[in-house]
Amino acid sequence: MPSVCFYFQVHQPFRIKRYSFFDIGKDHFYEDDEKNQVILDKVSEKCYLKTNRKMLDLINRHKGKFKISYSLSGTAIEQFEKYRPDVLESFKDLAKTGCVEFLSETYYHSLSFIFSKEEFRRQIEMHRAKIKEHFGQTPKIFRNTELIYNNELASVIEKMGFKGILCEGVDRLLKDRTPNYLYQPAGSLKIKTFLKNYSLSDDIAFRFSDRNWKEWPLQADTFASWVHQIAGNGEVLNLFMDYETFGEHQWEETGIFDFLDYLPKEIMSHSDFDFKTLSEAADSYKVRDIYDAPDFISWADAERDLSAWLSNPMEKEAAKRIYALEERVIKSENKDLIEVWGKLQTSDHFYYMCTKFWSDGDVHKYFSPYDSPYDAYIYYMNVLADFESTIDLFYKDKKEAKKLEKKSNL
Amino acid sequence: MPEITKPAPVKSPDLPKILMLGWEFPPVINGGLGVACHDLCIALSKYANVTMIIPKSNPDFVVKNLNLIGLNTIDAKTLRNIGFAGENYKKLNKVHYIDTHLNPYYNGKSAGNQPLDLKSQYLKSIQIGNETAEVFHIDDLYGGDVIEKVTVFGKLAAKLACSLDFDVIHAHDWMTMIAGMEIKAQTGKPLVMHIHSLEVDRGGPNSKGWVYQMEKHGMEYADVLMPVSHFTGKIIHDYYGIPMSKIHTCHNGIRPVVPFRGEKLFKEKMVLFVGRLTRQKGPEFFVDIAEKVLEYNQDVRFVMAGTGEYFNPLLERAAQKGIAHRFHLTGFLNLDKVRQLLSIADVYMMPSVSEPFGLSAVEAVQFGVPSVISKQSGVSEVLQGSLKFDYWDVNRAAQYVLALLNDEVLSEKIKEDAYKDLEHISWDNASQTVIAGYKKFNLIQDKVTS
């Protein structure tokens, strides 16, 4: 009996402002408050509220048989707390149905696994606490930023006690096998890997409104019939996508909400098919084969590797510099420094610096709040210069405070 | 330098036949227009039979694959027709000549057969045997009564065009617009106007004089406009009221060079400006940017290569700001000297107020110099690898200069990206775009260039 597993990514970064060279040393607030709020408002109205309402309706209508999973980044949750508590409430309502699972990820939606395992674990713990606080769940399944993944990651995550991990179903690693089973990561023993079925996922996430696509306009029954084709050759169909697909990337006018409205019914019209949260699927199905990913893969861009964040020298330099601060920031035990440092790790900052102009660059441009990747880099490095001097100042003050203390003790 | 070989060889009869009308042309050049026309013609000759009419040509200057006609010269065939067989003229077999009596009023196709009655200070009689012929004679392209010059040029070119076979008229800038319109009126052939620069660029948006009127009238009369950038296309639309549907952008190309790195004789970094010191190039912004940068980094020298009416005011402005010790005006420099500067520059700066293209920024790229250029330029559309600012945004430009001077990762990355852009910036690409434009507007048959 095959199961369909929906997982939606909900993420918003704290975008940094057009922080100029002349601001260094003068302005220690880096976020573009206004832009962050405007974007969150827009996405909340167009996507989060509407889609949450639709999901709640579907769960009620199908009497608990429709199940879904979410991953909310820590930065997204913080922004809901700050700007849109109504959206946070609607997620809590979903959590109360018992049909919704919340996954684990790095709090800052960061690339920390690549640069610092310690920071990586710290962020997972932070995120776990945040999810527990709002939704009363402890995540059992992990998904790394933008599905960045390799064997080592799976092994680290297994040791942290997770029972499942999400990953892109990359053709070159599947080697003609189907993504529609659970796999065992090479080098791990217990943890199960969920592979994204990118073909069916992208039919919804990317192609749905494409008028040049031969399947346009896509109807729920057509899509369900493709889903049903896996019967006999698959157990778990993983439909993973950005939650903003609904209403934001695919506007309401494209009919995406109507599609969503009919989809569960159409999929369950075949009595063998059901919906499961990722934890339920992990409990219900055995692994069928080994998935060997020695090198990093991801769900981003055509390359499905790290090139969306770490392919050019600017991205590498920026990432190197921010992670080089780890020891001094953490040892400071200063809450503000640690928080700013965390926010500067969000992968989006590096995504905006990407210069793969002529192919995927378009997508990067769509999401970027800046005029060019160079601007993204220049502002980030200016911020970093100011942040570094703030850290210096912190230690200098501390030293002097100690001196004063000594003096007064004498 | 252009190749100098034997006169135009026989071309395939299948290729479209283009009648070009130019003003500046090597070796008689004033700015970038002559070079651009020349290089475009050469590249285009691969896809078309090109005949180019210009005011002045030098019999020693022959361009391969191009039928070049200077109105200052005389055609050997015509000489034979009027019965002159002097040995001295035998060598000139591709030079054309206009009948003595020129009629300034065209009246349909028959105009070519009618004598033209035209008096002008720019016509010069020459004695050929017993006959008198008149040729176009101007000492320099832009001095004197330039309106009369372009008018006479137009009449003569139109007269001459009656003896030529072509599919498309392709005129360059306002100086040849009268010629283009006259020829279109006489022959009914489609008229393309290639726009390299407009009065609105040179004189600002309030320039509404004779040249502006000429441009507006010419562009309205033309069938297709080919500006050298979308930026210029937008000016054509916004300031001249021409519908976008007539506009087909053709970005310029550039001649390949063999770049070299020179040795700087001072330790400071160097920021370079190359261009005429006129309003259009925004030289005063360069001074303001320099001042802002020097506030934060004193180890920089700012060099301006070029001359113009802003020379003295700029000198004063720099002195007034107290940055004269880091600010250098070189005056006019020839190409070799400009290249020497490019070879030691660390940043190229182009703060143009209105720059239809801006080939100099591409030259900087060829020399591996990262560039900071205004968004009000055509070249910003083809150079991904550059930092762009609104010409009035001095702070932003200064920030970019500082970033490039302080951050090697950034400057190397921009250089690398700009090199990639260079692959797309060629005269061959430009001429293919021109041909594509002819086809798009059905000026030529599709099959003939396949």
# chains A, B, ... in the order shown; residues from 1 in each chain; ligands from 1

call {"tool": "interface_residues", "arguments": {"of": "chain B", "to": "chain A", "cutoff": "7 Å", "atoms": "only C-alpha atoms", "output": "PyMOL selection string"}}
result
chain B and resi 399+403+409-410+413

call {"tool": "select_by_dssp", "arguments": {"residues": "range 129-360 of chain B", "states": "strand (DSSP E or B)", "output": "PyMOL selection string"}}
result
chain B and resi 131-136+168-172+191-195+224-227+247+269-274+300-306+327-331+347-350+355

call {"tool": "residues_around", "arguments": {"residues": "Ser57 in chain B", "least_positions_apart": "2", "cutoff": "9 Å", "atoms": "only C-alpha atoms", "output": "list in words"}}
result
Phe25, Pro26, Pro27, Val28, Ile54, Pro55, Pro59, Asp60, Phe61, Leu68, Ile69, Gly70, Leu71, Asn72 and Thr73 of chain B

call {"tool": "select_by_dssp", "arguments": {"residues": "range 139-348 of chain A", "states": "alpha helix (DSSP H)", "output": "MDAnalysis selection string"}}
result
chainID A and resid 151:159 171:174 198:205 220:228 256:267 278:284 307:310 313:324 326:332 335:343 348
